[in-house]
Every structure is written in structure tokens, then in C-alpha cells.
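Quick notes on the structure that follows.
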Amino acid sequence: MSFHAHRRALYVLGLFITISLSPRLSYAANDIATALAGDAPQVHIAGETLWSTPFLRELYAAPDSAPRWSRKQLEVLRAAIAESFSDGLNPHDFLDEKLNALDELPGAARELIATEALARLAFTLRFGKCNPEALDPDWNYSRSFGKTDPTAWLRESIASDKLAERLAALRPADNYYLALKRALADFRARQERGEKWPSVSSGPTLKPDMRDARIIEVRARLAASGELTDTTTPADASMYDAALVEAVRGFQRRQGLDVDGAIGRGTVAVMNVSLAERIAQLRLNLERVRWVFRDLEPEALSVNIAAFEAVYLDHGEVRWSGRVIVGKPFRKTPIFKDHLSYVELNPSWTVPPTILKEDILPKLRKDPGFLATKKLKLIDFDGKAVDATAIDWRKRGASFPWFLRQEAGPENPLGRVAFMFPNVHSVYLHDTPTRGLFALAERAFSSGCIRIEDPLKLAEEVLRDDPRWNRAAIDKAVAKGNNQRINLPRKISIMLLYLTAFPAADGAVEFRRDVYGRDAAVLNALDAPLRWTPPKDFRMPHARGA
């Protein structure tokens with residue numbers, strides 16, 4: 001029996017059990033009081049640890065106002081838990097098997113298990129199963145109940161005839177999430193039908209009009225995944241013909257590879273990613289979207305580091321998008337959220353601590369004249385210039401009582417414009433004089449900052465409400481070469497993200513290589529036993545009268 005069929009059988013069994021129950025679960029109030037007695041952070045009922053124990057104590061502290069599960073509500077809850085599978089979650093985390101065997105439990109246990117299941121599901125849909133702060137020390141996205149009282153939400157939901165709608169509203173309500181869910185359902189359906197993606201053997205790069213036995217493998221692989229729509233076998237199946245070239249180029253485009261039609265080592269590696277691996281990738285990226293795609297601000301400049309792309313959205317309208325260059329794998333661009341503060345034209349560059357320590361100091365120790373060749377000035381903290389050639393750099397230790405600055409100019413690493421959001425990482429968006437790298441598919445070349453392809457167009461968009469700064473004025477100011485800071489009158493959110501699966505403009509999901517090696521940790525946490533970690537700003541409730 002397939003997994004889906006097994007789940008359907010459990011759900012039907014659950015409905016049968018539910019119908020056999022009375023309209024409301026019966027229990028004595030003192031039974032629940034006894035079950036929840038004590039001050040342990042979690043109590044154990046029917047072999048389960050109740051992670052929502054503080055909420056349960058508050059909910060059931062006053063018997064007269066305590067919620068009671070009805071037969072109808074249990075049906076809705078079971079259906080919602082079964083549906084969580086389509087979100088890439090595991091219904092077992094939400095006690096699906098216990099809910100489908102409630103008649104085997106005492107009345108108080110039935111009530112508590114049902115409420116615990118609801119609390120687990122609601123929290124996971126709202127925040128995700130994993131705690132991103134435990135996976136990434138730089139994480140600073142909002143993780144808060146806000147104005148919602150979780151205990152009141154549980155009480156109202158159990159009593160509501162719109163429980164399904166209340167749960168659905170906890171999911172990210174955007175096309176991004178829905179597109180990933182659709183793709184997950186499609187890939188799982190293929191897997192259930194027994195589909196497998198044939199592998200492609202390694203070997204020399206295959207180019208158009210070549211003949212090779214491996215071309216037959218490529219045909220089979222792209223026909224299985226749908227890129228090659230004409231599956232009729234040509235007279236010479238080993239010929240790399242025009243139709244297959246177009247299918248390969250389409251595959252490369254969807255996978256973020258160089259779209260050259262050449263089937264080299266990189267393209268073969270991606271072709272050999274299995275259907276099961278893509279399903280896992282969709283699941284873990286649905287989790288990432290649950291972390292961040294809610295309470296979005298009207299204006300946001302988001303950068304998907306894994307896709308090397310950025311987009312500026314204003315109330316849902318794409319005002320600007322472009323390719324970006326991000327940090328090298330050993331100098332990763334951090335994932336965090338901030339607000340754009342100002343735009344700087346003709347910026348000077350102050351060397352960040354990491355580059356100073358790892359790149360410049362070793363070169364200075366070999367060549368004291370290195371700073372002059374790079375037009376870098378040594379400045380003390382009073383703003384006075386220091387003669388770098390008078391310092392014995394070989395004897396300098398870790399302390400560095402100066403800073404290095406490069407004035408604005410054609411060789412300045414920040415280019416003509418920078419988009420500033422002061423942060424502890426010294427990371428920002430900026431232009432670059434090295435523009436050839438934008439032509440490459442994978443663009444992890446910086447020391448952490450984000451270089452953008454068309455910065456003057458982005459400057460025009462973020463400054464469009466200021467009549468002083470149309471494109472002509474920006475170009476004129478840049479041409480003068482003078483440093484100029486332009487404060488923004490409104491908040492524009494900066495969101496640095498890491499999504500290795502996401503929908504393209506046409507709604508089809510694309511995949512990217514996990515260039516920073518972050519996917520495995522998310523997947524492991526997603527598949528681990530459920531652990532509830534409250535938001536940092538949340539104070540645990542106390543049972544009334546306790």
C-alpha cells in the first residue's frame with residue numbers, strides 16, 4: 001500500500017471512529033485537572049509528551065469555560081492534519097494515529113490529545129516546524145505571536161464552525177507557497193506512479209550535432225521529467241539533434257545552469273539528481289517560506305542568494321529585478337532582514353574587517369607599497385592620513401588601530417552607487433566595476449556583500465517619490481564624481497533569503513544548486529521529532545488561579 005493510500009485508510013478509519021463518539025467528548029473536569037496537575041513544563045498523556053502543556057493548563061483551568069471537542073470539529077481537525085502532508089509536513093507530528101484511535105483513550109486524554117494536536121498543527125503552519133534561529137546564528141526575521149493570544153486562539157478555534165479556515169489562514173498566503181505545494185503534489189504523484197528519472201553516464205562534454213551513446217540516456221532523462229515533449233524515437237537516437245538541444249537548454253534554464261546546450265559535467269550532475277531528492281528540496285523550501293513569507297511589508301527588496309537574483313516589489317508590483325553576485329562559499333552572505341536607510345552616490349569604500357585580516361594584511365606584510373597600488377589610504381580614528389610605508393607590517397599583530405579607505409572612482413569596489421542598511425555584518429548592496437561576472441550562471445564571488453547588475457535603475461526606482469532625483473539627476477550627480485548621501489523618506493524592507501526551489505515568472509518551479517550547503521540541515525530538522533520552541537518575546541501563560 002502506498003503512503004497516500006495508507007493515509008487515506010487512516011483518515012476513513014478516523015471518520016468511522018468519530019461518528020461512533022457522542023456529539024462532545026465526555027470527561028469529568030477533575031480528570032483533566034488531575035492529568036495536568038503539577039508544574040512540569042510538559043505532561044505525558046497516552047504515551048505522548050504534550051508540548052502545549054502551559055496552554056492546556058490555562059485552557060482547562062476553569063471547567064465552565066473550558067473548550068469541548070465535538071464530533072464535527074474532530075473530523076475537521078483530522079482532515080487538516082491529513083492535508084499537512086501536502087505542505088511537506090509529517091502528519092505523525094500532529095498525532096494523527098492517536099486521533100484515529102481516540103476511542104481507546106479515557107475521556108480526558110481524548111480531549112487533551114485533540115487540543116495538543118491542534119496546537120502543534122497551528123504553531124507549525126504559522127512558524128514552521130524547525131526553529132531557524134537554531135540553524136543560523138545570524139537569523140533575525142520576526143518570530144512572534146504578535147497581538148495574537150495563543151490560548152484564546154485555541155479556545156475560539158475549537159468552538160468555531162470555521163476551524164478549517166482558521167488553520168488555512170496560518171499558511172503563507174502567497175503564490176510562492178502555492179506554487180511550491182503544486183510542484184510537490186506533482187512530483188509525489190509521479191513517484192507514486194513508479195516514475196524514475198534515468199541517470200546519465202559521465203564522460204566528455206556533448207555538443208550539438210555530436211553522436212554518442214550517452215545521448216540516448218539524455219533523451220530518456222529529459223523525456224521522463226518532461227523537458228523533452230516529443231518522445232518519438234528519431235532515426236538516429238544517438239545524434240544530438242536540434243530538438244534535443246532545445247530540451248537541454250530549457251532544462252539548463254530551469255536549473256540555473258549556463259544555457260549553452262552543451263552537456264558537460266555540471267549539467268550531467270544536475271540531471272542525475274533524483275525525483276526523491278527534488279521532493280525533499282521542495283519540502284525544505286516550503287519550510288523556509290513558512291519562516292519568512294508572512295507579515296511582509298508593502299515595499300521589499302529581496303535577494304535570493306541561492307538563485308543569484310534580486311527583486312524590488314512595491315505592493316505586489318515588480319519595480320526592478322536583476323542578477324546579483326553574492327559571497328563565496330567560504331565568505332557566505334548572511335541571511336537576515338533589515339531596512340534600506342539611504343542611497344550613496346560615488347561611495348568611498350572602507351575595507352571590512354574580514355577582508356582586512358584575510359586579504360590585505362598578508363599582502364601588506366609582503367609588500368608595504370601594496371596600498372598605493374590599490375589607491376587605499378591608511379586613516380587613523382581622528383581621520384588623519386598615516387604613512388603606511390613607515391610601518392613595519394611584518395611585526396604587526398592582530399591589532400589594527402587604523403582603517404583603510406578607497407575614495408570614489410572607477411576602480412572603487414562599490415562602483416557608482418551603494419544601497420545602505422547599516423548592520424553588524426557590514427553587508428550591503430552595491431555596484432561593481434567588475435561586470436563580466438554577471439554573465440555566469442553561478443555568481444558566488446564576493447566577500448559577503450551583494451553586487452547588483454543594474455544599480456542605477458534600482459536607484460531610480462527607490463528614489464522615484466523624490467522629485468529631485470529622477471534618472472537624469474542621478475546620472476548627472478554620478479558623473480560629477482562627488483560623494484553624496486540621499487536619505488530615504490520611507491521604509492523599504494531588505495530581505496536576504498536562501499531558497500533553492502522557487503517559482504519563476506510563469507509559475508513553474510525552478511531549482512538551484514545548494515551552493516552554501518544549507519539544505520541538509522533544514523531537511524534533517526524537518527524530519528526530526530517535533531520540538532516546540534516558543535518565540536523569544538513570548539511569556540508562557542499560567543493557569544488561572546494557580
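The way I read the labels, and the way they are meant: chains A, B, ... in the order of the C-alpha cells, residue 1 as the first residue of every chain, and ligand 1 as the first ligand shown, with later ones counted on from there.
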If you run DSSP over the backbone, which residues in region 140-287 of chain A end up alpha helix (DSSP H)? Put them as a compact mmCIF listing (two decimals) with C-alpha atoms, in the first residue's frame.
# COMPACT_ATOMS: atom_id res chain seq x y z
CA PRO A 150 -2.40 31.63 21.51
CA THR A 151 -4.64 30.35 24.30
CA ALA A 152 -7.55 32.48 23.14
CA TRP A 153 -6.92 31.35 19.57
CA LEU A 154 -7.15 27.70 20.60
CA ARG A 155 -10.34 28.29 22.61
CA GLU A 156 -12.03 30.20 19.79
CA SER A 157 -10.94 27.71 17.13
CA ILE A 158 -12.28 24.69 19.00
CA ALA A 159 -15.63 26.46 19.36
CA LEU A 163 -11.78 25.71 12.14
CA ALA A 164 -10.54 24.69 8.69
CA GLU A 165 -10.47 28.32 7.52
CA ARG A 166 -8.69 29.47 10.69
CA LEU A 167 -5.98 26.86 10.16
CA ALA A 168 -5.65 27.63 6.45
CA ASN A 175 1.61 32.40 -4.88
CA TYR A 176 5.16 31.45 -3.94
CA TYR A 177 3.96 28.95 -1.34
CA LEU A 178 1.12 27.67 -3.50
CA ALA A 179 3.44 27.07 -6.47
CA LEU A 180 5.80 25.01 -4.33
CA LYS A 181 2.86 22.99 -2.98
CA ARG A 182 1.60 22.29 -6.50
CA ALA A 183 5.05 21.16 -7.58
CA LEU A 184 5.35 18.91 -4.53
CA ALA A 185 2.00 17.29 -5.28
CA ASP A 186 3.01 16.77 -8.92
CA PHE A 187 6.38 15.21 -8.06
CA ARG A 188 4.83 12.96 -5.44
CA ALA A 189 2.19 11.80 -7.89
CA ARG A 190 4.94 10.88 -10.33
CA GLN A 191 6.73 8.99 -7.60
CA GLU A 192 3.56 7.08 -6.68
CA ARG A 214 25.06 8.81 -23.90
CA ILE A 215 22.67 10.94 -25.98
CA ILE A 216 20.16 8.07 -25.67
CA GLU A 217 20.42 8.40 -21.87
CA VAL A 218 19.88 12.16 -22.08
CA ARG A 219 16.76 11.63 -24.21
CA ALA A 220 15.35 9.18 -21.67
CA ARG A 221 16.14 11.51 -18.76
CA LEU A 222 14.51 14.61 -20.26
CA ALA A 223 11.52 12.65 -21.55
CA ALA A 224 10.92 11.30 -18.02
CA SER A 225 10.97 14.76 -16.40
CA ALA A 242 18.12 20.35 -32.71
CA ALA A 243 15.01 19.20 -30.82
CA LEU A 244 17.11 17.70 -28.04
CA VAL A 245 19.30 20.81 -27.92
CA GLU A 246 16.23 22.93 -27.19
CA ALA A 247 15.12 20.49 -24.48
CA VAL A 248 18.58 20.62 -22.87
CA ARG A 249 18.61 24.41 -22.99
CA GLY A 250 15.20 24.51 -21.32
CA PHE A 251 16.44 22.13 -18.64
CA GLN A 252 19.53 24.26 -18.07
CA ARG A 253 17.42 27.39 -17.79
CA ARG A 254 15.15 25.84 -15.14
CA ARG A 265 29.89 17.71 -16.10
CA GLY A 266 27.70 20.31 -14.36
CA THR A 267 24.63 19.60 -16.48
CA VAL A 268 25.07 15.83 -16.07
CA ALA A 269 25.34 16.23 -12.29
CA VAL A 270 22.01 18.07 -12.15
CA MET A 271 20.37 15.56 -14.50
CA LEU A 275 12.97 12.61 -8.13
CA ALA A 276 13.12 11.79 -4.41
CA GLU A 277 15.82 14.43 -3.90
CA ARG A 278 13.70 17.06 -5.66
CA ILE A 279 10.73 16.15 -3.44
CA ALA A 280 12.91 16.69 -0.38
CA GLN A 281 14.12 20.01 -1.82
CA LEU A 282 10.54 21.20 -2.31
CA ARG A 283 9.64 20.21 1.26
CA LEU A 284 12.54 22.05 2.87
CA ASN A 285 11.92 25.18 0.81
CA LEU A 286 8.24 25.18 1.79
CA GLU A 287 9.57 25.22 5.35
> Which residues, written as number ranges by chain, have at least one atom at most 8 Å from Asp96 (chain A), with only C-alpha atoms counted and residues fewer than 3 positions away on the same chain left out?
Replying inline: A: 78, 81-82, 91-93, 99-100, 117
What would the file look like if the residues just selected were written as an mmCIF file, in the first residue's frame with C-alpha atoms?
data_model
loop_
_atom_site.group_PDB
_atom_site.id
_atom_site.type_symbol
_atom_site.label_atom_id
_atom_site.label_comp_id
_atom_site.auth_asym_id
_atom_site.auth_seq_id
_atom_site.Cartn_x
_atom_site.Cartn_y
_atom_site.Cartn_z
ATOM 1 C CA ARG A 78 -8.279 15.092 11.210
ATOM 2 C CA ILE A 81 -3.781 17.137 9.738
ATOM 3 C CA ALA A 82 -4.011 14.811 6.740
ATOM 4 C CA PRO A 91 1.028 14.207 9.913
ATOM 5 C CA HIS A 92 2.553 11.949 12.568
ATOM 6 C CA ASP A 93 3.951 15.097 14.210
ATOM 7 C CA LEU A 99 -6.583 10.915 16.832
ATOM 8 C CA ASN A 100 -7.686 7.962 14.738
ATOM 9 C CA ALA A 117 -2.767 18.098 18.032
#
Nearby residues (only C-alpha atoms) at most 10 Å from region 121-136 of chain A, same-chain spacing under 5 positions excluded, as an mmCIF file with N, CA, C and O atoms, in the first residue's frame:
data_model
loop_
_atom_site.group_PDB
_atom_site.id
_atom_site.type_symbol
_atom_site.label_atom_id
_atom_site.label_comp_id
_atom_site.auth_asym_id
_atom_site.auth_seq_id
_atom_site.Cartn_x
_atom_site.Cartn_y
_atom_site.Cartn_z
ATOM 1 N N SER A 52 2.239 21.569 24.414
ATOM 2 C CA SER A 52 1.433 22.768 24.673
ATOM 3 C C SER A 52 0.894 22.776 26.105
ATOM 4 O O SER A 52 -0.103 23.440 26.373
ATOM 5 N N LEU A 77 -10.436 18.582 12.188
ATOM 6 C CA LEU A 77 -9.043 18.535 12.617
ATOM 7 C C LEU A 77 -8.303 17.394 11.935
ATOM 8 O O LEU A 77 -7.181 17.572 11.452
ATOM 9 N N ALA A 80 -7.551 18.357 8.396
ATOM 10 C CA ALA A 80 -6.498 19.373 8.314
ATOM 11 C C ALA A 80 -5.131 18.749 8.553
ATOM 12 O O ALA A 80 -4.141 19.120 7.895
ATOM 13 N N ILE A 81 -5.056 17.807 9.470
ATOM 14 C CA ILE A 81 -3.781 17.137 9.738
ATOM 15 C C ILE A 81 -3.374 16.285 8.544
ATOM 16 O O ILE A 81 -2.203 16.261 8.143
ATOM 17 N N SER A 84 -1.820 18.391 5.934
ATOM 18 C CA SER A 84 -0.477 18.919 6.193
ATOM 19 C C SER A 84 0.595 18.174 5.412
ATOM 20 O O SER A 84 1.685 18.707 5.183
ATOM 21 N N ASP A 87 1.780 20.063 2.606
ATOM 22 C CA ASP A 87 2.680 21.167 2.939
ATOM 23 C C ASP A 87 4.113 20.685 3.132
ATOM 24 O O ASP A 87 4.977 21.468 3.532
ATOM 25 N N LEU A 89 4.874 18.419 5.342
ATOM 26 C CA LEU A 89 4.992 18.071 6.754
ATOM 27 C C LEU A 89 4.612 16.613 6.977
ATOM 28 O O LEU A 89 4.066 15.952 6.090
ATOM 29 N N ASN A 90 4.878 16.129 8.177
ATOM 30 C CA ASN A 90 4.560 14.753 8.532
ATOM 31 C C ASN A 90 3.366 14.741 9.471
ATOM 32 O O ASN A 90 3.471 15.203 10.616
ATOM 33 N N PRO A 91 2.207 14.228 9.043
ATOM 34 C CA PRO A 91 1.028 14.207 9.913
ATOM 35 C C PRO A 91 1.265 13.506 11.242
ATOM 36 O O PRO A 91 0.557 13.773 12.221
ATOM 37 N N ASP A 93 3.575 14.066 13.238
ATOM 38 C CA ASP A 93 3.951 15.097 14.210
ATOM 39 C C ASP A 93 2.734 15.679 14.912
ATOM 40 O O ASP A 93 2.851 16.251 16.002
ATOM 41 N N PHE A 94 1.573 15.536 14.288
ATOM 42 C CA PHE A 94 0.347 16.126 14.822
ATOM 43 C C PHE A 94 -0.601 15.050 15.357
ATOM 44 O O PHE A 94 -1.808 15.247 15.404
ATOM 45 N N LEU A 95 -0.001 13.925 15.753
ATOM 46 C CA LEU A 95 -0.721 12.866 16.485
ATOM 47 C C LEU A 95 -1.856 12.263 15.667
ATOM 48 O O LEU A 95 -2.904 11.911 16.214
ATOM 49 N N THR A 115 -6.601 18.670 21.584
ATOM 50 C CA THR A 115 -6.162 20.061 21.699
ATOM 51 C C THR A 115 -4.666 20.178 21.445
ATOM 52 O O THR A 115 -4.200 21.131 20.801
ATOM 53 N N GLU A 116 -3.900 19.217 21.938
ATOM 54 C CA GLU A 116 -2.458 19.207 21.667
ATOM 55 C C GLU A 116 -2.197 19.110 20.166
ATOM 56 O O GLU A 116 -1.329 19.808 19.620
ATOM 57 N N TYR A 141 14.821 37.322 11.419
ATOM 58 C CA TYR A 141 13.457 37.532 10.952
ATOM 59 C C TYR A 141 12.488 37.409 12.128
ATOM 60 O O TYR A 141 12.738 36.673 13.086
ATOM 61 N N SER A 142 11.374 38.111 12.021
ATOM 62 C CA SER A 142 10.385 38.122 13.096
ATOM 63 C C SER A 142 9.836 36.720 13.343
ATOM 64 O O SER A 142 9.485 36.003 12.410
ATOM 65 N N ARG A 143 9.797 36.340 14.600
ATOM 66 C CA ARG A 143 9.195 35.071 15.003
ATOM 67 C C ARG A 143 8.419 35.367 16.282
ATOM 68 O O ARG A 143 8.925 35.224 17.385
ATOM 69 N N SER A 144 7.183 35.802 16.095
ATOM 70 C CA SER A 144 6.417 36.326 17.217
ATOM 71 C C SER A 144 4.930 36.049 17.007
ATOM 72 O O SER A 144 4.441 36.033 15.877
ATOM 73 N N PHE A 145 4.219 35.843 18.109
ATOM 74 C CA PHE A 145 2.767 35.744 18.042
ATOM 75 C C PHE A 145 2.130 37.107 17.771
ATOM 76 O O PHE A 145 0.954 37.184 17.416
ATOM 77 N N PRO A 150 -2.272 33.021 21.972
ATOM 78 C CA PRO A 150 -2.395 31.630 21.511
ATOM 79 C C PRO A 150 -3.488 30.856 22.243
ATOM 80 O O PRO A 150 -4.192 30.045 21.626
ATOM 81 N N TRP A 153 -6.752 31.880 20.919
ATOM 82 C CA TRP A 153 -6.923 31.350 19.568
ATOM 83 C C TRP A 153 -7.366 29.888 19.615
ATOM 84 O O TRP A 153 -8.263 29.476 18.871
ATOM 85 N N LEU A 154 -6.763 29.109 20.472
ATOM 86 C CA LEU A 154 -7.150 27.702 20.602
ATOM 87 C C LEU A 154 -8.600 27.577 21.057
ATOM 88 O O LEU A 154 -9.377 26.794 20.507
ATOM 89 N N ARG A 166 -9.631 28.853 9.737
ATOM 90 C CA ARG A 166 -8.691 29.465 10.687
ATOM 91 C C ARG A 166 -7.299 28.837 10.563
ATOM 92 O O ARG A 166 -6.280 29.526 10.652
ATOM 93 N N LEU A 167 -7.268 27.533 10.348
ATOM 94 C CA LEU A 167 -5.984 26.859 10.159
ATOM 95 C C LEU A 167 -5.364 27.241 8.813
ATOM 96 O O LEU A 167 -4.157 27.510 8.728
ATOM 97 N N ALA A 168 -6.170 27.283 7.769
ATOM 98 C CA ALA A 168 -5.654 27.633 6.445
ATOM 99 C C ALA A 168 -5.053 29.038 6.439
ATOM 100 O O ALA A 168 -4.065 29.303 5.732
ATOM 101 N N ALA A 169 -5.628 29.934 7.237
ATOM 102 C CA ALA A 169 -5.152 31.315 7.278
ATOM 103 C C ALA A 169 -3.760 31.429 7.894
ATOM 104 O O ALA A 169 -3.102 32.462 7.748
ATOM 105 N N LEU A 170 -3.301 30.378 8.554
ATOM 106 C CA LEU A 170 -1.977 30.410 9.166
ATOM 107 C C LEU A 170 -0.873 30.150 8.145
ATOM 108 O O LEU A 170 0.285 30.463 8.394
ATOM 109 N N ARG A 171 -1.223 29.572 7.008
ATOM 110 C CA ARG A 171 -0.230 29.340 5.972
ATOM 111 C C ARG A 171 0.141 30.661 5.291
ATOM 112 O O ARG A 171 -0.667 31.593 5.259
ATOM 113 N N PRO A 172 1.346 30.745 4.725
ATOM 114 C CA PRO A 172 1.673 31.931 3.919
ATOM 115 C C PRO A 172 0.676 32.063 2.767
ATOM 116 O O PRO A 172 0.471 31.110 2.007
ATOM 117 N N LEU A 284 11.732 21.184 2.004
ATOM 118 C CA LEU A 284 12.536 22.050 2.867
ATOM 119 C C LEU A 284 12.396 23.518 2.475
ATOM 120 O O LEU A 284 12.519 24.410 3.327
ATOM 121 N N LEU A 286 9.528 24.796 1.219
ATOM 122 C CA LEU A 286 8.238 25.176 1.794
ATOM 123 C C LEU A 286 8.425 25.581 3.256
ATOM 124 O O LEU A 286 7.811 26.553 3.731
ATOM 125 N N GLU A 287 9.281 24.862 3.959
ATOM 126 C CA GLU A 287 9.568 25.224 5.351
ATOM 127 C C GLU A 287 10.198 26.608 5.436
ATOM 128 O O GLU A 287 9.815 27.433 6.276
ATOM 129 N N ARG A 288 11.146 26.888 4.557
ATOM 130 C CA ARG A 288 11.777 28.215 4.574
ATOM 131 C C ARG A 288 10.763 29.323 4.291
ATOM 132 O O ARG A 288 10.833 30.403 4.896
ATOM 133 N N VAL A 289 9.830 29.068 3.399
ATOM 134 C CA VAL A 289 8.809 30.082 3.106
ATOM 135 C C VAL A 289 7.921 30.293 4.336
ATOM 136 O O VAL A 289 7.524 31.430 4.627
ATOM 137 N N ARG A 290 7.623 29.230 5.079
ATOM 138 C CA ARG A 290 6.828 29.403 6.308
ATOM 139 C C ARG A 290 7.560 30.294 7.309
ATOM 140 O O ARG A 290 6.926 31.004 8.091
ATOM 141 N N TRP A 291 8.876 30.267 7.298
ATOM 142 C CA TRP A 291 9.635 31.098 8.220
ATOM 143 C C TRP A 291 9.487 32.588 7.933
ATOM 144 O O TRP A 291 9.473 33.393 8.871
ATOM 145 N N VAL A 292 9.417 32.965 6.662
ATOM 146 C CA VAL A 292 9.589 34.386 6.335
ATOM 147 C C VAL A 292 8.456 35.021 5.536
ATOM 148 O O VAL A 292 8.313 36.249 5.559
ATOM 149 N N PHE A 293 7.637 34.244 4.813
ATOM 150 C CA PHE A 293 6.676 34.849 3.897
ATOM 151 C C PHE A 293 5.339 35.116 4.583
ATOM 152 O O PHE A 293 4.308 34.595 4.201
ATOM 153 N N ARG A 294 5.384 35.915 5.599
ATOM 154 C CA ARG A 294 4.159 36.365 6.242
ATOM 155 C C ARG A 294 4.462 37.734 6.847
ATOM 156 O O ARG A 294 5.617 38.078 7.076
ATOM 157 N N PRO A 334 25.311 36.584 4.689
ATOM 158 C CA PRO A 334 24.406 36.135 5.753
ATOM 159 C C PRO A 334 22.942 36.292 5.364
ATOM 160 O O PRO A 334 22.593 37.095 4.494
ATOM 161 N N ILE A 335 22.100 35.520 6.023
ATOM 162 C CA ILE A 335 20.651 35.582 5.810
ATOM 163 C C ILE A 335 20.060 36.412 6.943
ATOM 164 O O ILE A 335 20.115 36.017 8.109
ATOM 165 N N PHE A 336 19.495 37.575 6.621
ATOM 166 C CA PHE A 336 18.879 38.411 7.647
ATOM 167 C C PHE A 336 17.966 39.441 6.993
ATOM 168 O O PHE A 336 17.894 39.543 5.768
ATOM 169 N N ARG A 518 23.361 24.479 2.738
ATOM 170 C CA ARG A 518 22.430 24.718 3.845
ATOM 171 C C ARG A 518 21.226 23.764 3.854
ATOM 172 O O ARG A 518 20.537 23.649 4.867
ATOM 173 N N ALA A 521 20.792 20.567 6.594
ATOM 174 C CA ALA A 521 20.446 20.861 7.985
ATOM 175 C C ALA A 521 18.950 21.132 8.138
ATOM 176 O O ALA A 521 18.330 20.707 9.127
ATOM 177 N N VAL A 522 18.364 21.828 7.164
ATOM 178 C CA VAL A 522 16.926 22.109 7.229
ATOM 179 C C VAL A 522 16.138 20.811 7.083
ATOM 180 O O VAL A 522 15.178 20.565 7.819
ATOM 181 N N LEU A 523 16.540 19.974 6.140
ATOM 182 C CA LEU A 523 15.828 18.712 5.926
ATOM 183 C C LEU A 523 15.932 17.813 7.151
ATOM 184 O O LEU A 523 14.940 17.186 7.557
ATOM 185 N N ASN A 524 17.102 17.745 7.760
ATOM 186 C CA ASN A 524 17.265 16.924 8.965
ATOM 187 C C ASN A 524 16.368 17.415 10.087
ATOM 188 O O ASN A 524 15.744 16.616 10.796
ATOM 189 N N ALA A 525 16.291 18.725 10.265
ATOM 190 C CA ALA A 525 15.433 19.281 11.308
ATOM 191 C C ALA A 525 13.960 19.047 10.987
ATOM 192 O O ALA A 525 13.144 18.804 11.876
ATOM 193 N N LEU A 526 13.624 19.106 9.701
ATOM 194 C CA LEU A 526 12.234 18.897 9.277
ATOM 195 C C LEU A 526 11.804 17.454 9.532
ATOM 196 O O LEU A 526 10.639 17.185 9.843
ATOM 197 N N ASP A 527 12.724 16.514 9.407
ATOM 198 C CA ASP A 527 12.403 15.100 9.577
ATOM 199 C C ASP A 527 12.638 14.600 11.003
ATOM 200 O O ASP A 527 12.340 13.445 11.311
ATOM 201 N N ALA A 528 13.187 15.443 11.868
ATOM 202 C CA ALA A 528 13.431 15.050 13.262
ATOM 203 C C ALA A 528 12.123 15.099 14.054
ATOM 204 O O ALA A 528 11.136 15.679 13.606
ATOM 205 N N PRO A 529 12.094 14.490 15.241
ATOM 206 C CA PRO A 529 10.894 14.591 16.084
ATOM 207 C C PRO A 529 10.541 16.049 16.368
ATOM 208 O O PRO A 529 11.418 16.912 16.491
ATOM 209 N N LEU A 530 9.254 16.318 16.478
ATOM 210 C CA LEU A 530 8.782 17.680 16.700
ATOM 211 C C LEU A 530 9.203 18.188 18.072
ATOM 212 O O LEU A 530 9.058 17.493 19.078
ATOM 213 N N ARG A 531 9.767 19.381 18.090
ATOM 214 C CA ARG A 531 10.106 20.071 19.340
ATOM 215 C C ARG A 531 9.596 21.494 19.245
ATOM 216 O O ARG A 531 9.901 22.194 18.284
ATOM 217 N N TRP A 532 8.840 21.904 20.236
ATOM 218 C CA TRP A 532 8.238 23.234 20.184
ATOM 219 C C TRP A 532 9.158 24.238 20.851
ATOM 220 O O TRP A 532 9.514 24.095 22.031
ATOM 221 N N THR A 533 9.574 25.267 20.100
ATOM 222 C CA THR A 533 10.423 26.329 20.634
ATOM 223 C C THR A 533 9.648 27.639 20.542
ATOM 224 O O THR A 533 9.408 28.143 19.445
ATOM 225 N N PRO A 534 9.233 28.197 21.677
ATOM 226 C CA PRO A 534 8.427 29.428 21.611
ATOM 227 C C PRO A 534 9.242 30.609 21.120
ATOM 228 O O PRO A 534 10.474 30.620 21.240
ATOM 229 N N PRO A 535 8.587 31.613 20.554
ATOM 230 C CA PRO A 535 9.295 32.843 20.191
ATOM 231 C C PRO A 535 9.960 33.466 21.407
ATOM 232 O O PRO A 535 9.488 33.320 22.543
#
>> So the first atom is CA of Leu378 (chain A) and the second is CA of Ala479 (chain A); what is the distance between them in Å, to one decimal place?
In response: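 So the answer is 26.4 Å.
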> For Gly264 (chain A), which residue among A:Leu112, A:Val318, A:Val303, A:Leu206 is the nearest when counting only C-alpha atoms?
Replying inline: A:Leu206
>> Just checking: using only C-alpha atoms, which residue out of A:Ile325, A:Ile113, A:Leu74, A:Ala173 ends up closest to Asp161 (chain A)?
In response: A:Leu74
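Using only C-alpha atoms for every distance, the candidate list A:Val343, A:Ile391, A:Met210, A:Ala444 yields A:Val343 as the residue closest to Ala418 (chain A).
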>> Can you pull out the residues contacting His339 (chain A)? Cut-off 6 Å, using only C-alpha atoms, and skip same-chain residues under 5 positions away; I want them as a PyMOL selection string.
In response: chain A and resi 421+492-494
Go ahead and save the residues from that selection, with C-alpha atoms, as a PDB file, in the first residue's frame.
ATOM      1  CA  PHE A 421      21.301  49.364   5.557  1.00  0.00           C
ATOM      2  CA  ILE A 492      11.954  49.695   2.268  1.00  0.00           C
ATOM      3  CA  SER A 493      12.458  46.255   3.688  1.00  0.00           C
ATOM      4  CA  ILE A 494      15.638  44.361   2.767  1.00  0.00           C
TER       5      ILE A 494
END
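Going from CA of Tyr516 (chain A) over to CA of Pro329 (chain A), you cover 5.5 Å.
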